[in-house]
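This is start-v6.txt (compact mmCIF, C-alpha atoms and all ligand atoms).
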```txt
# COMPACT_ATOMS: atom_id res chain seq x y z
CA MET A 21 44.47 102.01 126.05
CA SER A 22 41.92 104.88 125.94
CA ARG A 23 42.18 107.59 123.28
CA GLN A 24 44.17 110.66 124.21
CA ARG A 25 42.01 113.75 124.48
CA VAL A 26 43.11 117.26 123.56
CA GLY A 27 41.02 120.35 124.33
CA ILE A 28 41.62 123.64 122.51
CA VAL A 29 40.43 127.01 123.77
CA GLY A 30 39.48 129.43 120.98
CA ALA A 31 38.10 128.95 117.48
CA GLY A 32 40.13 131.61 115.73
CA VAL A 33 42.28 130.42 112.85
CA LEU A 34 45.03 129.34 115.25
CA GLY A 35 42.92 127.11 117.52
CA LEU A 36 41.24 125.57 114.48
CA ALA A 37 44.58 124.99 112.73
CA VAL A 38 45.87 123.19 115.84
CA ALA A 39 42.76 120.98 115.91
CA TYR A 40 43.02 120.24 112.18
CA ARG A 41 46.72 119.38 112.18
CA LEU A 42 46.33 117.28 115.35
CA GLN A 43 43.74 115.13 113.63
CA GLN A 44 45.86 114.81 110.50
CA ARG A 45 49.00 113.84 112.35
CA HIS A 46 47.42 111.76 115.13
CA PRO A 47 44.17 110.35 113.76
CA GLY A 48 43.45 108.36 116.92
CA ILE A 49 43.23 111.41 119.15
CA SER A 50 39.99 112.99 120.36
CA VAL A 51 39.98 116.74 119.61
CA GLU A 52 37.54 119.38 120.90
CA VAL A 53 37.62 123.13 120.34
CA VAL A 54 35.77 125.27 122.89
CA GLU A 55 34.79 128.78 121.74
CA LYS A 56 32.88 131.44 123.66
CA GLU A 57 31.29 133.08 120.62
CA ASN A 58 28.45 131.57 118.61
CA ALA A 59 30.56 131.42 115.45
CA VAL A 60 34.21 130.87 114.56
CA ALA A 61 36.62 133.70 113.61
CA MET A 62 34.70 136.45 115.37
CA HIS A 63 37.73 138.37 116.62
CA GLN A 64 41.20 138.96 115.12
CA THR A 65 40.86 136.23 112.50
CA GLY A 66 37.70 137.72 111.03
CA ARG A 67 38.85 141.34 111.24
CA ASN A 68 42.30 141.44 109.71
CA SER A 69 43.82 142.56 106.41
CA GLY A 70 43.55 139.11 104.83
CA VAL A 71 47.18 139.12 103.72
CA VAL A 72 49.33 136.00 103.50
CA HIS A 73 52.66 137.57 104.31
CA ALA A 74 55.70 136.28 102.45
CA GLY A 75 58.04 136.69 105.47
CA ILE A 76 60.02 139.79 104.50
CA TYR A 77 59.91 141.72 107.74
CA TYR A 78 60.94 139.41 110.53
CA PRO A 79 64.45 138.99 112.01
CA PRO A 80 66.09 135.93 110.44
CA GLY A 81 65.94 133.01 112.84
CA SER A 82 62.89 134.35 114.68
CA GLN A 83 59.80 132.17 114.97
CA LYS A 84 57.91 134.76 112.95
CA ALA A 85 60.40 134.40 110.06
CA GLN A 86 60.45 130.60 110.11
CA LEU A 87 56.77 129.96 110.68
CA CYS A 88 55.54 132.68 108.32
CA VAL A 89 57.42 131.29 105.34
CA SER A 90 56.43 127.66 105.96
CA GLY A 91 52.92 128.59 107.14
CA GLY A 92 52.26 130.60 103.99
CA ARG A 93 53.26 127.61 101.87
CA GLN A 94 51.00 125.27 103.85
CA LEU A 95 48.12 127.72 103.60
CA ARG A 96 48.51 127.90 99.83
CA GLU A 97 48.32 124.10 99.61
CA TYR A 98 45.33 123.98 101.96
CA CYS A 99 43.44 126.60 99.94
CA ALA A 100 44.22 124.74 96.70
CA GLU A 101 42.98 121.42 98.14
CA ARG A 102 39.78 122.96 99.48
CA GLY A 103 38.98 125.28 96.59
CA LEU A 104 39.43 128.44 98.69
CA VAL A 105 40.64 131.70 97.21
CA PHE A 106 44.41 132.25 97.43
CA GLU A 107 45.26 135.13 95.15
CA GLU A 108 48.93 135.99 94.64
CA CYS A 109 48.31 139.66 93.93
CA GLY A 110 51.79 140.66 95.12
CA LYS A 111 53.04 143.36 97.43
CA LEU A 112 55.01 146.53 96.76
CA VAL A 113 56.88 148.07 99.72
CA VAL A 114 57.53 151.68 98.78
CA ALA A 115 60.24 154.12 99.92
CA ARG A 116 58.90 157.66 99.63
CA GLY A 117 62.23 159.47 99.90
CA PRO A 118 65.98 158.77 99.87
CA GLU A 119 66.02 158.62 103.68
CA GLU A 120 63.91 155.44 103.55
CA VAL A 121 66.07 153.68 100.95
CA PRO A 122 68.65 152.17 103.37
CA ARG A 123 65.84 150.65 105.46
CA LEU A 124 64.21 149.30 102.31
CA ARG A 125 67.54 147.71 101.29
CA ASP A 126 67.78 146.11 104.75
CA LEU A 127 64.28 144.77 104.25
CA LEU A 128 65.25 143.19 100.93
CA GLU A 129 68.28 141.53 102.57
CA ARG A 130 66.11 140.33 105.42
CA GLY A 131 63.49 138.89 103.13
CA ARG A 132 66.15 137.04 101.12
CA ALA A 133 67.75 135.73 104.31
CA ASN A 134 64.32 134.44 105.35
CA GLY A 135 63.99 132.50 102.08
CA VAL A 136 61.28 134.69 100.52
CA ARG A 137 61.18 133.85 96.82
CA ASP A 138 61.56 136.19 93.83
CA LEU A 139 61.93 139.50 95.69
CA ARG A 140 62.86 142.28 93.31
CA TRP A 141 64.35 145.76 93.81
CA LEU A 142 62.64 148.45 91.72
CA ASP A 143 63.91 151.97 91.11
CA GLY A 144 61.47 154.88 91.02
CA ASP A 145 60.23 154.68 87.41
CA ALA A 146 59.83 150.91 87.52
CA LEU A 147 57.30 151.13 90.36
CA GLY A 148 54.66 152.08 87.82
CA GLU A 149 54.98 148.70 86.05
CA VAL A 150 53.64 147.05 89.20
CA GLU A 151 51.37 149.77 90.57
CA PRO A 152 50.63 152.47 87.96
CA HIS A 153 49.26 154.98 90.49
CA VAL A 154 51.98 154.71 93.11
CA GLN A 155 54.58 157.36 93.91
CA GLY A 156 57.99 156.66 95.45
CA VAL A 157 61.74 156.62 94.88
CA ALA A 158 62.23 152.84 95.15
CA GLY A 159 60.36 149.68 96.02
CA VAL A 160 60.66 146.02 96.84
CA HIS A 161 58.23 143.81 94.98
CA SER A 162 57.15 140.53 96.54
CA PRO A 163 55.17 138.77 93.81
CA HIS A 164 54.03 135.82 95.94
CA THR A 165 52.42 137.79 98.77
CA ALA A 166 48.78 136.76 98.60
CA ILE A 167 45.30 137.58 99.82
CA VAL A 168 42.79 135.16 101.33
CA ASP A 169 39.61 135.18 103.39
CA PHE A 170 40.66 133.99 106.84
CA THR A 171 37.02 133.69 107.93
CA ALA A 172 36.29 131.28 105.06
CA ILE A 173 39.47 129.34 105.86
CA SER A 174 38.38 129.07 109.52
CA HIS A 175 34.93 127.79 108.56
CA GLN A 176 36.54 125.18 106.32
CA LEU A 177 38.96 124.12 109.07
CA ALA A 178 36.02 123.78 111.49
CA ARG A 179 34.14 121.62 108.96
CA ASP A 180 37.22 119.45 108.46
CA VAL A 181 37.64 119.03 112.22
CA SER A 182 33.98 118.00 112.65
CA GLU A 183 34.07 115.63 109.66
CA ALA A 184 37.17 113.92 111.06
CA GLY A 185 35.25 113.19 114.28
CA GLY A 186 36.29 116.21 116.35
CA ALA A 187 33.98 118.78 117.89
CA VAL A 188 33.81 122.57 117.72
CA ARG A 189 31.70 123.66 120.68
CA LEU A 190 30.44 127.21 120.20
CA GLY A 191 28.92 129.57 122.75
CA GLU A 192 30.91 128.17 125.69
CA GLN A 193 33.29 130.42 127.56
CA VAL A 194 36.04 128.69 129.51
CA HIS A 195 36.06 130.34 132.95
CA ALA A 196 38.26 127.91 134.88
CA ILE A 197 41.10 125.53 134.05
CA VAL A 198 42.07 122.97 136.68
CA GLN A 199 44.91 120.52 136.24
CA ASP A 200 46.52 117.77 138.27
CA SER A 201 49.20 115.22 137.43
CA ARG A 202 46.79 113.11 135.34
CA SER A 203 44.43 115.46 133.50
CA VAL A 204 43.20 118.99 132.90
CA THR A 205 39.60 120.18 133.13
CA LEU A 206 38.00 123.08 131.29
CA ASP A 207 34.95 124.53 133.04
CA THR A 208 32.29 126.40 131.10
CA ALA A 209 28.84 127.48 132.31
CA ARG A 210 27.41 124.44 130.47
CA GLU A 211 29.76 121.68 131.61
CA SER A 212 33.21 120.54 132.73
CA ARG A 213 35.30 118.55 130.29
CA THR A 214 38.44 116.64 131.08
CA TYR A 215 41.40 116.24 128.69
CA ASP A 216 44.93 114.91 128.73
CA LEU A 217 46.26 118.15 127.24
CA VAL A 218 44.91 121.62 126.51
CA VAL A 219 46.13 124.22 124.02
CA ALA A 220 44.85 127.75 124.66
CA CYS A 221 44.69 130.04 121.60
CA ALA A 222 42.61 132.78 123.16
CA GLY A 223 43.88 135.80 121.22
CA LEU A 224 42.73 139.00 122.92
CA GLN A 225 42.07 137.02 126.12
CA ALA A 226 45.38 135.09 126.03
CA ASP A 227 46.79 136.55 129.24
CA ARG A 228 43.54 136.05 131.17
CA VAL A 229 43.17 132.44 130.04
CA ALA A 230 46.85 131.76 130.85
CA THR A 231 46.48 133.09 134.38
CA LEU A 232 43.51 130.73 134.90
CA VAL A 233 46.05 127.93 134.93
CA GLY A 234 48.52 129.76 137.16
CA ASP A 235 50.73 131.30 134.45
CA ALA A 236 52.36 134.65 135.19
CA ALA A 237 50.39 137.77 134.23
CA ASP A 238 53.49 138.96 132.34
CA PRO A 239 53.26 139.64 129.40
CA ALA A 240 49.81 141.23 129.36
CA ILE A 241 47.71 141.78 126.27
CA VAL A 242 47.44 145.44 125.35
CA PRO A 243 44.74 145.79 122.69
CA PHE A 244 45.51 148.00 119.71
CA ARG A 245 42.60 149.02 117.55
CA GLY A 246 43.20 148.91 113.82
CA GLU A 247 40.79 151.03 111.82
CA TYR A 248 40.16 150.75 108.09
CA LEU A 249 38.63 152.88 105.37
CA ALA A 250 37.39 151.35 102.12
CA LEU A 251 37.82 152.81 98.64
CA ARG A 252 34.60 153.47 96.76
CA PRO A 253 34.16 150.81 94.06
CA GLU A 254 34.75 153.30 91.23
CA ARG A 255 38.21 154.10 92.66
CA THR A 256 39.53 150.59 93.40
CA HIS A 257 41.42 150.63 90.07
CA LEU A 258 43.98 152.86 91.82
CA VAL A 259 45.40 149.79 93.59
CA ARG A 260 46.22 146.51 91.85
CA GLY A 261 47.61 144.51 94.76
CA LEU A 262 49.13 145.49 98.10
CA ILE A 263 50.98 148.77 98.70
CA TYR A 264 52.92 149.04 101.96
CA PRO A 265 55.16 151.67 103.55
CA VAL A 266 58.68 150.88 104.72
CA PRO A 267 57.91 149.89 108.31
CA ASP A 268 59.34 151.64 111.33
CA PRO A 269 61.65 149.00 112.85
CA ARG A 270 60.62 150.05 116.38
CA TYR A 271 57.10 148.67 115.89
CA PRO A 272 55.61 145.29 115.06
CA PHE A 273 52.82 147.08 113.14
CA LEU A 274 53.39 147.57 109.43
CA GLY A 275 51.93 151.06 108.95
CA VAL A 276 48.81 152.11 107.05
CA HIS A 277 48.75 150.16 103.79
CA LEU A 278 46.47 149.79 100.78
CA THR A 279 45.10 146.28 100.57
CA ARG A 280 43.18 144.55 97.84
CA ARG A 281 40.60 142.14 99.25
CA VAL A 282 39.41 138.86 97.81
CA ASP A 283 36.00 140.41 97.10
CA GLY A 284 37.64 142.99 94.82
CA GLY A 285 37.43 145.84 97.33
CA VAL A 286 40.41 147.88 98.54
CA THR A 287 40.98 149.04 102.11
CA LEU A 288 43.28 151.64 103.65
CA GLY A 289 44.62 150.86 107.10
CA PRO A 290 44.94 149.67 109.74
CA ASN A 291 46.22 152.40 112.02
CA ALA A 292 47.15 151.42 115.58
CA VAL A 293 45.50 153.18 118.52
CA LEU A 294 44.98 151.98 122.08
CA ALA A 295 41.64 150.15 122.18
CA LEU A 296 39.20 151.09 124.93
CA SER A 297 37.72 147.60 124.81
CA ARG A 298 39.44 144.33 123.90
CA GLU A 299 36.51 143.06 121.88
CA GLY A 300 34.62 146.25 121.05
CA TYR A 301 34.80 147.28 117.41
CA ARG A 302 32.98 150.60 117.31
CA ARG A 303 34.82 153.69 118.47
CA ARG A 304 32.20 154.28 121.16
CA ASP A 305 32.68 150.77 122.65
CA VAL A 306 34.32 151.17 126.05
CA SER A 307 34.93 148.40 128.56
CA TRP A 308 35.95 150.05 131.82
CA ALA A 309 37.24 146.72 133.14
CA ASP A 310 39.51 146.28 130.09
CA LEU A 311 40.65 149.88 130.13
CA ILE A 312 41.47 149.93 133.85
CA GLU A 313 43.37 146.65 133.49
CA THR A 314 45.45 148.13 130.64
CA LEU A 315 46.16 151.38 132.49
CA ARG A 316 47.17 149.49 135.63
CA TRP A 317 49.55 147.18 133.80
CA PRO A 318 53.08 148.17 135.02
CA GLY A 319 54.31 148.12 131.41
CA PHE A 320 51.72 150.64 130.25
CA VAL A 321 53.34 153.87 131.52
CA PRO A 322 56.83 153.02 130.15
CA LEU A 323 55.17 152.00 126.87
CA ALA A 324 53.24 155.27 126.64
CA ARG A 325 56.30 157.31 127.60
CA GLN A 326 58.38 155.67 124.89
CA HIS A 327 55.86 155.85 122.07
CA TRP A 328 53.62 158.86 122.76
CA ARG A 329 54.70 160.72 119.61
CA THR A 330 53.76 157.85 117.31
CA GLY A 331 50.63 157.30 119.39
CA ALA A 332 49.59 160.91 118.82
CA VAL A 333 49.98 160.58 115.01
CA GLU A 334 47.95 157.36 115.03
CA LEU A 335 45.26 158.92 117.22
CA ALA A 336 45.03 161.89 114.85
CA SER A 337 44.41 159.46 111.98
CA SER A 338 41.65 157.89 114.03
CA LEU A 339 39.90 161.14 114.91
CA ASN A 340 40.36 162.86 111.57
CA ARG A 341 39.60 161.02 108.34
CA ARG A 342 41.50 163.59 106.29
CA ARG A 343 44.70 162.70 108.17
CA PHE A 344 44.03 158.99 107.71
CA VAL A 345 43.66 159.46 103.94
CA ALA A 346 46.78 161.65 103.95
CA LEU A 347 48.81 158.67 105.25
CA ALA A 348 47.74 156.61 102.24
CA ARG A 349 47.99 159.53 99.80
CA ARG A 350 51.73 159.62 100.43
CA TYR A 351 51.83 156.46 98.27
CA VAL A 352 48.88 157.04 95.94
CA PRO A 353 48.62 160.82 95.43
CA GLU A 354 45.41 160.59 93.39
CA LEU A 355 43.45 159.51 96.48
CA THR A 356 41.03 162.06 97.89
CA LEU A 357 38.81 162.26 100.93
CA ALA A 358 35.79 161.72 98.70
CA ASP A 359 37.13 158.31 97.63
CA VAL A 360 36.70 156.58 100.99
CA VAL A 361 33.99 155.25 103.26
CA PRO A 362 34.38 153.74 106.77
CA ALA A 363 35.03 150.00 107.01
CA PRO A 364 34.94 147.59 109.98
CA ALA A 365 37.81 147.81 112.48
CA GLY A 366 39.84 145.05 114.16
CA VAL A 367 41.68 144.87 117.48
CA ARG A 368 45.17 143.37 117.72
CA ALA A 369 46.22 141.29 120.69
CA GLN A 370 49.73 142.58 121.32
CA ALA A 371 51.64 141.27 124.34
CA VAL A 372 53.54 143.92 126.33
CA ASP A 373 55.89 143.01 129.16
CA ALA A 374 56.03 144.62 132.58
CA HIS A 375 58.83 146.95 131.39
CA GLY A 376 56.75 148.32 128.53
CA GLN A 377 58.46 146.34 125.75
CA LEU A 378 56.27 145.12 122.91
CA VAL A 379 56.85 141.37 122.64
CA ASP A 380 58.10 141.05 119.09
CA ASP A 381 58.14 137.32 118.40
CA PHE A 382 55.44 134.71 118.86
CA ARG A 383 55.39 133.47 122.45
CA ILE A 384 54.16 130.02 123.34
CA THR A 385 54.59 128.68 126.88
CA ARG A 386 53.88 125.38 128.61
CA ASN A 387 52.51 124.96 132.11
CA GLY A 388 52.09 121.28 132.98
CA ARG A 389 49.42 119.90 130.67
CA VAL A 390 48.50 123.29 129.22
CA VAL A 391 50.15 125.10 126.31
CA ASN A 392 49.38 128.83 126.22
CA VAL A 393 49.79 130.94 123.11
CA ARG A 394 50.69 134.23 124.80
CA ASN A 395 51.58 136.34 121.75
CA ALA A 396 50.34 135.58 118.25
CA PRO A 397 49.90 138.88 116.40
CA SER A 398 50.47 139.30 112.66
CA PRO A 399 51.66 137.20 110.82
CA ALA A 400 50.04 134.50 112.98
CA ALA A 401 47.09 134.03 110.63
CA THR A 402 49.52 133.45 107.74
CA SER A 403 51.60 131.16 109.95
CA SER A 404 48.70 129.32 111.60
CA LEU A 405 49.28 125.84 110.15
CA ALA A 406 53.03 126.05 110.87
CA ILE A 407 52.44 127.36 114.41
CA ALA A 408 50.06 124.42 114.87
CA ASP A 409 52.79 121.98 113.82
CA HIS A 410 55.28 123.68 116.12
CA ILE A 411 52.88 123.34 119.07
CA ILE A 412 52.06 119.72 118.23
CA ASP A 413 55.79 118.83 117.99
CA GLY A 414 56.14 120.13 121.56
CA LEU A 415 53.25 118.02 122.85
CA ALA A 416 55.30 114.85 122.17
CA LEU A 417 52.20 112.76 121.52
CA GLY A 418 52.77 109.06 120.93
C1 LIG A 501 43.63 144.73 112.22
C2 LIG A 501 44.42 143.44 112.06
C3 LIG A 501 45.07 143.16 110.86
C4 LIG A 501 45.79 141.97 110.73
N1 LIG A 501 46.28 141.62 109.50
C5 LIG A 501 46.84 140.40 109.35
C6 LIG A 501 47.22 139.93 108.06
O1 LIG A 501 46.97 140.58 107.06
N2 LIG A 501 47.86 138.74 107.96
C7 LIG A 501 48.13 137.97 109.06
O2 LIG A 501 48.74 136.91 108.92
N3 LIG A 501 47.74 138.37 110.30
C8 LIG A 501 47.08 139.54 110.45
N4 LIG A 501 46.64 139.93 111.68
C9 LIG A 501 46.88 139.05 112.83
C10 LIG A 501 45.95 137.85 112.82
O3 LIG A 501 44.61 138.23 112.59
C11 LIG A 501 46.07 137.12 114.16
O4 LIG A 501 47.44 136.88 114.40
C12 LIG A 501 45.34 135.79 114.16
O5 LIG A 501 44.02 135.95 113.71
C13 LIG A 501 45.37 135.19 115.54
O6 LIG A 501 44.48 134.09 115.56
P1 LIG A 501 43.98 133.53 116.95
O7 LIG A 501 43.19 132.32 116.63
O8 LIG A 501 45.16 133.39 117.86
O9 LIG A 501 43.12 134.70 117.59
P2 LIG A 501 41.58 135.11 117.42
O10 LIG A 501 41.17 135.09 116.01
O11 LIG A 501 41.42 136.39 118.15
O12 LIG A 501 40.78 133.95 118.15
C14 LIG A 501 40.81 133.76 119.55
C15 LIG A 501 39.52 133.08 119.93
O13 LIG A 501 39.55 132.69 121.30
C16 LIG A 501 38.25 132.85 121.83
N5 LIG A 501 38.32 132.89 123.29
C17 LIG A 501 38.99 133.81 124.04
N6 LIG A 501 38.83 133.54 125.36
C18 LIG A 501 38.06 132.43 125.44
C19 LIG A 501 37.54 131.68 126.54
N7 LIG A 501 37.78 132.01 127.80
N8 LIG A 501 36.75 130.60 126.26
C20 LIG A 501 36.47 130.23 124.97
N9 LIG A 501 36.93 130.94 123.90
C21 LIG A 501 37.72 132.01 124.14
C22 LIG A 501 37.80 134.16 121.20
O14 LIG A 501 36.40 134.33 121.25
C23 LIG A 501 38.33 134.02 119.78
O15 LIG A 501 37.39 133.45 118.90
C24 LIG A 501 45.90 141.09 111.84
C25 LIG A 501 45.24 141.38 113.03
C26 LIG A 501 44.46 142.52 113.13
C27 LIG A 501 43.68 142.76 114.39
```

Same coordinates, now as structure tokens:
Amino acid sequence: MSRQRVGIVGAGVLGLAVAYRLQQRHPGISVEVVEKENAVAMHQTGRNSGVVHAGIYYPPGSQKAQLCVSGGRQLREYCAERGLVFEECGKLVVARGPEEVPRLRDLLERGRANGVRDLRWLDGDALGEVEPHVQGVAGVHSPHTAIVDFTAISHQLARDVSEAGGAVRLGEQVHAIVQDSRSVTLDTARESRTYDLVVACAGLQADRVATLVGDAADPAIVPFRGEYLALRPERTHLVRGLIYPVPDPRYPFLGVHLTRRVDGGVTLGPNAVLALSREGYRRRDVSWADLIETLRWPGFVPLARQHWRTGAVELASSLNRRRFVALARRYVPELTLADVVPAPAGVRAQAVDAHGQLVDDFRITRNGRVVNVRNAPSPAATSSLAIADHIIDGLALG
């Protein structure tokens, strides 16, 4: 019998995790990753906050809750085996006033229901033991929330895949996917390759890649830019680990936070503003094709109507650095405008349905021989190895 062949579209952390776990669990299988960029992790994976979430936020029973907790554990083991940084610097979620306390209590309950270990409630004065420069009336401390370098992890996964006999083909954009009852073919400008199964982890292009194989256009990807500022090195002592606001339950985004990075730096952000280009990272980058597609999406107007107030606050933080810093200063009052410099931005691939609802949970669909990851926003990097296992379970390989 010939070897089964699996093709994977996208060499972000998710596509690479699928390739890696496939080889581990089914060593006889031929695995190829096809990536349009000339390097791995060029989009969301290489432009995120680098946080391994503990699993506090997500509704119990959701895929996000289950896969974040188990994925974080797997990632810790992987980093330990490969000598990659996995620093448990801990996270403090801070309530600024009494009105936020009930939501913070709900968050603590949620985290415990999700199996997050060692969560601790802290009253106002005790916050300083964890973060001496923070201000708030209460907090939840998650000591095992960690930071990593998802780009380094992706490079290591790609090396592991190649060393185990797989291939990571860079600089090849998949522009057509054709399947019949026996196989599925990925066409790139360089060649056509035939597989038994394909898994598409195309991030910001997920909806476009899915429609190549006849999937519905719904949900579409609406790109949300996430901008960061970095603290000047002489001010990074203001933040020991990770300082987060109590999130607004209406949004999947976690609010502007202060994040320690594995290189010792500290960033503020990300905000969340509509991106004018799916893969453009400077504010002046505009893709008219992307923008027109977003504006024409039937879900866009209901989305904008529902969330314009929040959108306006986020946009103000984008256009005015003082307002951006003010969002972070609510938690660390010593911060000033002079303490920050611009840092690279990211763009989130957030699926939005035709009624304007933000798709909250991960969404993975199957169309014949093709699995499409249609929604894998945060915490998908944290969860990547667990999402990979979940996808592989569904492939029912021999
Ligand atoms: C600002 C920001 C902050 C975040 N913070 C965190 C965090 O702290 N922790 C966390 O867990 N998650 C975080 N996330 C989310 C996390 O980064 C993503 O969930 C994760 O990286 C998704 O990985 P991916 O492989 O699906 O997507 P991507 O990394 O975007 O990779 C998709 C790949 O597919 C390729 N591709 C697309 N179309 C084609 C095609 N036609 N042919 C070939 N290749 C193609 C792309 O070039 C790309 O390399 C954050 C995201 C952003 C943007």

Which residues are near ligand LIG 501 (chain A) in this structure, taking near to mean any atom at most 6 Å from a ligand atom and counting all atoms listed in the file? Format them as a PDB file with C-alpha atoms, keeping the file's coordinate frame.
```pdb
ATOM      1  CA  VAL A  29      40.430 127.010 123.770  1.00  0.00           C
ATOM      2  CA  GLY A  30      39.480 129.430 120.980  1.00  0.00           C
ATOM      3  CA  ALA A  31      38.100 128.950 117.480  1.00  0.00           C
ATOM      4  CA  GLY A  32      40.130 131.610 115.730  1.00  0.00           C
ATOM      5  CA  VAL A  33      42.280 130.420 112.850  1.00  0.00           C
ATOM      6  CA  LEU A  34      45.030 129.340 115.250  1.00  0.00           C
ATOM      7  CA  GLY A  35      42.920 127.110 117.520  1.00  0.00           C
ATOM      8  CA  VAL A  54      35.770 125.270 122.890  1.00  0.00           C
ATOM      9  CA  GLU A  55      34.790 128.780 121.740  1.00  0.00           C
ATOM     10  CA  LYS A  56      32.880 131.440 123.660  1.00  0.00           C
ATOM     11  CA  GLU A  57      31.290 133.080 120.620  1.00  0.00           C
ATOM     12  CA  VAL A  60      34.210 130.870 114.560  1.00  0.00           C
ATOM     13  CA  ALA A  61      36.620 133.700 113.610  1.00  0.00           C
ATOM     14  CA  MET A  62      34.700 136.450 115.370  1.00  0.00           C
ATOM     15  CA  HIS A  63      37.730 138.370 116.620  1.00  0.00           C
ATOM     16  CA  GLN A  64      41.200 138.960 115.120  1.00  0.00           C
ATOM     17  CA  THR A  65      40.860 136.230 112.500  1.00  0.00           C
ATOM     18  CA  ARG A  67      38.850 141.340 111.240  1.00  0.00           C
ATOM     19  CA  ASN A  68      42.300 141.440 109.710  1.00  0.00           C
ATOM     20  CA  SER A  69      43.820 142.560 106.410  1.00  0.00           C
ATOM     21  CA  GLY A  70      43.550 139.110 104.830  1.00  0.00           C
ATOM     22  CA  VAL A  71      47.180 139.120 103.720  1.00  0.00           C
ATOM     23  CA  VAL A  72      49.330 136.000 103.500  1.00  0.00           C
ATOM     24  CA  GLU A 192      30.910 128.170 125.690  1.00  0.00           C
ATOM     25  CA  GLN A 193      33.290 130.420 127.560  1.00  0.00           C
ATOM     26  CA  VAL A 194      36.040 128.690 129.510  1.00  0.00           C
ATOM     27  CA  HIS A 195      36.060 130.340 132.950  1.00  0.00           C
ATOM     28  CA  CYS A 221      44.690 130.040 121.600  1.00  0.00           C
ATOM     29  CA  ALA A 222      42.610 132.780 123.160  1.00  0.00           C
ATOM     30  CA  GLY A 223      43.880 135.800 121.220  1.00  0.00           C
ATOM     31  CA  LEU A 224      42.730 139.000 122.920  1.00  0.00           C
ATOM     32  CA  GLN A 225      42.070 137.020 126.120  1.00  0.00           C
ATOM     33  CA  VAL A 229      43.170 132.440 130.040  1.00  0.00           C
ATOM     34  CA  GLY A 246      43.200 148.910 113.820  1.00  0.00           C
ATOM     35  CA  PRO A 290      44.940 149.670 109.740  1.00  0.00           C
ATOM     36  CA  GLY A 366      39.840 145.050 114.160  1.00  0.00           C
ATOM     37  CA  VAL A 367      41.680 144.870 117.480  1.00  0.00           C
ATOM     38  CA  ARG A 368      45.170 143.370 117.720  1.00  0.00           C
ATOM     39  CA  ALA A 396      50.340 135.580 118.250  1.00  0.00           C
ATOM     40  CA  PRO A 397      49.900 138.880 116.400  1.00  0.00           C
ATOM     41  CA  SER A 398      50.470 139.300 112.660  1.00  0.00           C
ATOM     42  CA  PRO A 399      51.660 137.200 110.820  1.00  0.00           C
ATOM     43  CA  ALA A 400      50.040 134.500 112.980  1.00  0.00           C
ATOM     44  CA  ALA A 401      47.090 134.030 110.630  1.00  0.00           C
ATOM     45  CA  THR A 402      49.520 133.450 107.740  1.00  0.00           C
TER      46      THR A 402
END
```

Would you tabulate, counting all atoms listed in the file, all residues of stretch 210-316 of chain A that have an atom at most 10 Å from an atom of stretch 353-357 of chain A, showing the closest pair of atoms and their distance in Å to one decimal, sorted by chain then ascending number, as CSV?
```
residue,atom,partner,partner_atom,distance
A:Leu251,CA,A:Leu355,CA,9.0
A:Arg255,CA,A:Leu355,CA,8.4
A:Leu258,CA,A:Glu354,CA,8.0
```

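Separating atom CA of A:Leu104 from atom CA of A:Asp169 is a distance of 8.2 Å.
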
#### Entry: atom CA of A:Pro163 to atom CA of A:Arg252, straight-line distance in Å
25.5 Å

### Query
If you count only C-alpha atoms, which residues fall within 7 Å of stretch 84-99 of chain A, apart from same-chain ones fewer than 4 positions away, as a list of chain:residue names?
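Selected residues are A:Val72, A:His73, A:Ala74, A:Gly75, A:Tyr78, A:Pro79, A:Pro80, A:Gly103, A:Leu104, A:Val105, A:Phe106, A:Asn134, A:Asp381, A:Phe382, A:Pro399, A:Thr402, A:Ser403, A:Ser404, A:Leu405, A:Ala406, A:Ile407.
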
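Neighbouring residues of A:Ala371 at 7 Å or closer, counting only C-alpha atoms and skipping chain neighbours under 2 positions away, are Pro239, Ala240, Ile241, Val242, Ala369, Asp373, Leu378, Val379 and Asn395 of chain A.
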
### Query
A:Leu127, A:Val160, A:Ala184, A:Ala226: which is nearest A:Leu42, counting all atoms listed in the file?
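Once distances to A:Leu42 are computed over all atoms listed in the file, the minimum belongs to A:Ala184.
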
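With distances restricted to only C-alpha atoms, A:Gln176 is the closest residue to A:Arg102 from A:Gln370, A:Thr165, A:Gln377, A:Gln176.
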
### Task
Check the smallest atom-to-atom distance from each of A:Pro267, A:Thr231, A:Ala37, A:Asp409 to A:Ile173 using all atoms listed in the file, then report the winner.
A:Ala37
